[in-house]
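Reviewing the structure listed below.
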Amino acid sequence: MNMGRGIKIVGGVVLSIGLLVLVAFTGPGEKYFDIAKNLDIFASLFNEVNTNYVDEIDPKKLINTGIRGMLESLDPYTDYIAEEDLEAFSIQMTGQYAGVGALIGVVNKKTVVTEPYEGFPAFKAGIRVGDELISVDGKDVKGKSTGETSSLLKGNPDTEVEIVVRRLGQKEALHFKIKRENIKISNVVYKGILDGNIGYIKLDEFTRGAGKEVGDALVKLKETGAKKIILDLRDNPGGLLYQAIDIVNIFIPKGVEVVSTKGKVQEWNKTYSTLNNPVDAKIPLAVITSSGSASASEIVAGALQDYDRAILIGQKTFGKGLVQETRQLPYNTQLKITTAKYYIPSGRCIQALDYSHRKSDGSVVKVADSLKSEFKTKAGRKVYDGGGLDPDLPVKDEVLGDITIELITSGLIFEYATTYCSEHAVPVSMKNFVLSDAEYNAFAAWLKEKNFSYNTELEKQTESLIAAAKSDRQYQDLQGQLQALKAKVEHIHTTDMTRFKDEIKRVLAQQIGFHYRLEAGQIEVSLDSDPEILEAKKVLQDSVAYKKILSHY
């Protein structure tokens with residue numbers, strides 16, 4: 001059926017091109033002709049594939065593949081959100097959904113509760129970290145994906161769901177009848193007093209209400225004696241721009257610029273300033289960052305650094321200076337699209353990767369050091385653009401050993417923490433919790449029972465070297481030395497549980513703390529050994545050093 005130039009019905013899918021494209025992209029020029037021409041080519045190509053391809057195709061799947069392929073050539077933040085993905089996207093942006101309030105995951109082929117959110121139905125009912133899910137409303141969840149199981153747990157508020165779990169140390173399965181609620185995940189996951197007068201706030205997200213949560217936490221900490229503050233933004237990937245502005249506003253006066261955005265379209269060129277009076281514009285402040293601190297985290301840390309309002313401690317931040325907006329598309333779909341770059345008060349953009357100038361192989365390059373520009377903070381301190389935020393006090397990032405990484409990724413640390421907590425009473429305080437040598441040896445024995453084995457990166461490289469050498473004529477001469485090298489590397493491997501003992505004990509203790517008291521427990525276990533927190537406490541306790549860092553030098 002011909003509906004005029006540029007409108008075709010293809011396999012039951014209506015594609016509007018040509019005339020509609022020319023209407024949408026008004027104005028003369030070769031560019032708009034090229035757009036219309038290439039969309040016409042795409043529609044014709046799709047028609048030929050749909051009609052003549054040897055096997056039946058799924059038109060929706062094929063089109064979605066084309067859409068995602070197109071967007072992948074831009075940047076990783078521009079994304080198409082199909083109708084069936086809207087709920088997950090909404091939860092990500094708002095931190096809100098209706099259900100029982102529990103995060104689930106697969107650990108060693110078992111679907112387990114990895115975090116019951118404190119204060120919500122699953123937590124209040126008594127469900128614990130490590131509980132294995134058996135069924136939801138009579139439906140066996142074995143073999144189901146976490147997405148499928150999660151969908152069973154969600155539902156309308158005030159509806160009831162029956163959950164059956166298996167718990168270590170309990171002979172019989174446990175049955176829970178839980179009433180679903182509206183769940184709002186907290187942005188501030190921990191607040192507390194360190195060393196008598198230093199308040200500590202850990203912020204994990206920038207969903208709705210983040211600014212209020214941080215402000216309330218600061219007020220509460222001051223009421224309980226805090227004279228100085230640590231704001232921990234490590235591994236916080238960002239979120240809503242307005243929440244970042246609200247958080248900066250807690251510490252700086254009303255009417256001060258926080259961030260500006262600049263894009264191709266005039267409407268995206270905006271300046272955002274603080275709108276309210278601060279909670280405290282003078283309290284000494286340290287902000288902890290990591291390579292995982294991105295986007296809104298960098299706006300907060302960068303603005304506070306540019307106004308010399310806080311000392312940044314930790315590692316260089318991720319370097320995401322791109323702004324996304326959500327645009328409504330037909331049929332209840334959406335496009336999350338990068339519309340601008342953001343600039344913090346000194347005038348710098350901290351975007352690290354240049355997606356507009358990819359290499360010929362498609363890889364993305366970092367902004368070259370030679371192209372970075374120097375800027376000044378309010379006090380005249382030198383800062384730079386083009387690669388994330390540089391901390392005022394760098395702390396070397398910890399690199400875990402191969403064995404520790406393998407124990408984490410294999411789920412064995414999590415699984416043993418579940419075992420440990422089933423056999424030991426909850427400690428009075430997690431702040432003083434440490435694993436004894438005897439308990440560590442029990443863990444090592446448990447690993448043997450599990451037949452734990454792994455190959456280190458050094459072993460893999462040694463095997464590759466030997467394999468490559470075998471094709472060389474000199475292999476016979478080198479064979480003895482290569483085998484000796486292999487034996488030495490294998491011997492080093494056998495001592496890993498001893499060599500990395502302190503590191504493994506620390507990671508295991510943190511996971512046990514999480515099992516007992518969720519994120520608060522994990523944080524409390526590590527407070528006295530966390531290098532960044534120790535550095536923050538040190539500089540906040542030395543007012544002379546603190547003021548010197550924030551002054552022009």
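Labels used: A, B, ... for chains in the order of the structure tokens, numbers from 1 for residues in each chain, and numbers from 1 for ligands as shown.
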*Among range 294-502 of chain A, which residues carry a DSSP assignment of strand (DSSP E), reported as a ChimeraX atom specification?*
/A:311-314,322-329,333-343,353-354,365-366,374-376,382-384,393-394
*List the neighbours of range 510-527 of chain A out to 9 Å using only C-alpha atoms; skip same-chain residues closer than 3 positions along the sequence, and give me the result as a PyMOL selection string.*
chain A and resi 114-118+128-130+189-191+194+413-414+416-418+420-421+426-427+429-434+505-507+530-531+533-534
Generate the output file for the selected residues, C-alpha atoms, as a PDB file, in the first residue's frame.
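This is the output file selection_21.pdb:
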ATOM      1  CA  THR A 114      22.197  -9.662  49.063  1.00  0.00           C
ATOM      2  CA  GLU A 115      20.683  -6.725  50.953  1.00  0.00           C
ATOM      3  CA  PRO A 116      17.369  -6.220  52.757  1.00  0.00           C
ATOM      4  CA  TYR A 117      16.912  -2.444  52.927  1.00  0.00           C
ATOM      5  CA  GLU A 118      16.809  -1.301  56.533  1.00  0.00           C
ATOM      6  CA  ARG A 128      18.706 -11.582  56.372  1.00  0.00           C
ATOM      7  CA  VAL A 129      21.652 -11.189  54.041  1.00  0.00           C
ATOM      8  CA  GLY A 130      22.511 -14.609  52.603  1.00  0.00           C
ATOM      9  CA  VAL A 189      23.821   5.086  53.772  1.00  0.00           C
ATOM     10  CA  TYR A 190      25.737   6.019  56.915  1.00  0.00           C
ATOM     11  CA  LYS A 191      26.304   8.914  59.267  1.00  0.00           C
ATOM     12  CA  LEU A 194      34.443   9.799  64.477  1.00  0.00           C
ATOM     13  CA  ILE A 413      33.791 -14.330  50.597  1.00  0.00           C
ATOM     14  CA  PHE A 414      30.028 -13.684  50.623  1.00  0.00           C
ATOM     15  CA  TYR A 416      31.631 -17.778  54.041  1.00  0.00           C
ATOM     16  CA  ALA A 417      30.356 -14.587  55.677  1.00  0.00           C
ATOM     17  CA  THR A 418      26.891 -16.173  55.595  1.00  0.00           C
ATOM     18  CA  TYR A 420      30.213 -17.316  59.844  1.00  0.00           C
ATOM     19  CA  CYS A 421      27.172 -15.254  60.831  1.00  0.00           C
ATOM     20  CA  VAL A 426      25.960 -10.553  66.576  1.00  0.00           C
ATOM     21  CA  PRO A 427      28.788  -8.486  68.130  1.00  0.00           C
ATOM     22  CA  SER A 429      29.690  -3.205  68.132  1.00  0.00           C
ATOM     23  CA  MET A 430      31.118  -3.643  64.658  1.00  0.00           C
ATOM     24  CA  LYS A 431      33.638  -0.826  65.257  1.00  0.00           C
ATOM     25  CA  ASN A 432      35.904  -3.156  67.215  1.00  0.00           C
ATOM     26  CA  PHE A 433      35.299  -6.266  65.122  1.00  0.00           C
ATOM     27  CA  VAL A 434      38.368  -8.149  63.884  1.00  0.00           C
ATOM     28  CA  LYS A 505      41.032 -10.806  56.612  1.00  0.00           C
ATOM     29  CA  ARG A 506      40.065  -7.153  56.130  1.00  0.00           C
ATOM     30  CA  VAL A 507      37.812  -7.851  53.131  1.00  0.00           C
ATOM     31  CA  ASP A 530      40.462   3.102  55.839  1.00  0.00           C
ATOM     32  CA  PRO A 531      43.403   5.125  54.393  1.00  0.00           C
ATOM     33  CA  ILE A 533      39.246   8.367  56.206  1.00  0.00           C
ATOM     34  CA  LEU A 534      42.463   8.329  58.253  1.00  0.00           C
TER      35      LEU A 534
END
*Name the residues in contact with range 334-350 of chain A at a cut-off of 6 Å, using only C-alpha atoms, excluding same-chain residues fewer than 3 positions from it; report them as a list in words.*
Thr78, Asp79, Tyr80, Ile81, Val258, Val259, Ser260, Thr261, Lys262, Gly263, Ala303, Asp306, Gly319, Gly321, Leu322, Val323, Gln324, Glu325, Thr326, Arg327, Gln328, Leu329, Thr377, Asp385, Gly386, Gly387 and Gly388 of chain A
*asked:* With only C-alpha atoms as the counted atoms, please give the residues lying no more than 12 Å from Phe452 in chain A, apart from itself and same-chain residues fewer than 6 positions off, as an MDAnalysis selection string.
replied: chainID A and resid 403 406:407 410:413 443:446 494 497
*From the list A:Ala286, A:Asn249, A:Ile91, A:Ile311, which residue is nearest Lys548 in chain A when using only C-alpha atoms?*
A:Ile311
*Can you tell me, as a VMD selection string, what residues are no more than 9 Å from Glu213 in chain A when counting only C-alpha atoms, ignoring any on the same chain fewer than 6 positions away?*
chain A and resid 186 to 188
Could you write those residues out with all heavy atoms, as a PDB file, in the first residue's frame?
ATOM      1  N   SER A 186      17.523   4.922  50.391  1.00  0.00           N
ATOM      2  CA  SER A 186      18.233   6.065  50.964  1.00  0.00           C
ATOM      3  C   SER A 186      19.489   6.388  50.162  1.00  0.00           C
ATOM      4  O   SER A 186      20.175   5.496  49.658  1.00  0.00           O
ATOM      5  CB  SER A 186      18.620   5.781  52.412  1.00  0.00           C
ATOM      6  OG  SER A 186      17.479   5.626  53.218  1.00  0.00           O
ATOM      7  N   ASN A 187      19.775   7.680  50.040  1.00  0.00           N
ATOM      8  CA  ASN A 187      21.017   8.138  49.411  1.00  0.00           C
ATOM      9  C   ASN A 187      22.157   8.151  50.418  1.00  0.00           C
ATOM     10  O   ASN A 187      23.273   7.751  50.115  1.00  0.00           O
ATOM     11  CB  ASN A 187      20.823   9.539  48.831  1.00  0.00           C
ATOM     12  CG  ASN A 187      19.827   9.574  47.695  1.00  0.00           C
ATOM     13  OD1 ASN A 187      20.167   9.280  46.558  1.00  0.00           O
ATOM     14  ND2 ASN A 187      18.588   9.936  47.987  1.00  0.00           N
ATOM     15  N   VAL A 188      21.867   8.626  51.632  1.00  0.00           N
ATOM     16  CA  VAL A 188      22.856   8.603  52.712  1.00  0.00           C
ATOM     17  C   VAL A 188      22.781   7.236  53.379  1.00  0.00           C
ATOM     18  O   VAL A 188      21.778   6.889  53.992  1.00  0.00           O
ATOM     19  CB  VAL A 188      22.587   9.717  53.743  1.00  0.00           C
ATOM     20  CG1 VAL A 188      23.494   9.548  54.960  1.00  0.00           C
ATOM     21  CG2 VAL A 188      22.817  11.084  53.119  1.00  0.00           C
TER      22      VAL A 188
END
*asked:* List as a ChimeraX atom specification the protein and nucleic acid residues near Gly211 in chain A, meaning an atom at most 7 Å away when only C-alpha atoms are counted, but skip any in the same chain fewer than 2 places from it.
replied: /A:209,213-215,243,246-247
Just N, CA, C and O atoms for this one: save the residues we selected as a compact mmCIF listing (two decimals), in the first residue's frame.
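Wrote it out as out.txt, contents follow:
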# COMPACT_ATOMS: atom_id res chain seq x y z
N GLY A 209 15.68 13.64 46.81
CA GLY A 209 15.79 13.75 48.26
C GLY A 209 17.20 13.68 48.79
O GLY A 209 17.42 13.82 50.00
N GLU A 213 18.54 14.71 52.58
CA GLU A 213 19.14 13.70 53.44
C GLU A 213 20.50 14.15 53.97
O GLU A 213 20.81 13.97 55.15
N VAL A 214 21.33 14.75 53.09
CA VAL A 214 22.64 15.21 53.52
C VAL A 214 22.48 16.37 54.51
O VAL A 214 23.17 16.42 55.54
N GLY A 215 21.54 17.30 54.21
CA GLY A 215 21.30 18.42 55.12
C GLY A 215 20.83 17.95 56.49
O GLY A 215 21.33 18.43 57.52
N GLN A 243 19.95 17.65 42.67
CA GLN A 243 20.36 17.17 43.99
C GLN A 243 21.81 17.57 44.28
O GLN A 243 22.16 17.87 45.42
N ASP A 246 21.70 21.15 45.35
CA ASP A 246 21.19 21.25 46.73
C ASP A 246 22.25 20.88 47.75
O ASP A 246 22.33 21.49 48.83
N ILE A 247 23.07 19.88 47.43
CA ILE A 247 24.11 19.45 48.39
C ILE A 247 25.21 20.50 48.50
O ILE A 247 25.68 20.80 49.60
_Gap from CA of Gly99 in chain A to CA of Leu168 in chain A - Å, one decimal_ =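 Between CA of Gly99 in chain A and CA of Leu168 in chain A the gap is 24.8 Å.
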_DSSP on the backbone, helix (DSSP H, G or I) only: what residues of range 195-434 of chain A does that give? Format it as a VMD selection string._
chain A and resid 210 to 223 241 to 251 266 to 268 296 to 306 369 to 371 402 to 409 412 to 423
*Within 9 Å of Ile288 in chain A, counting only C-alpha atoms, which residues qualify if same-chain residues fewer than 6 places away don't, as number ranges by chain?*
A: 230-234, 301, 311-315, 391, 532-533, 536
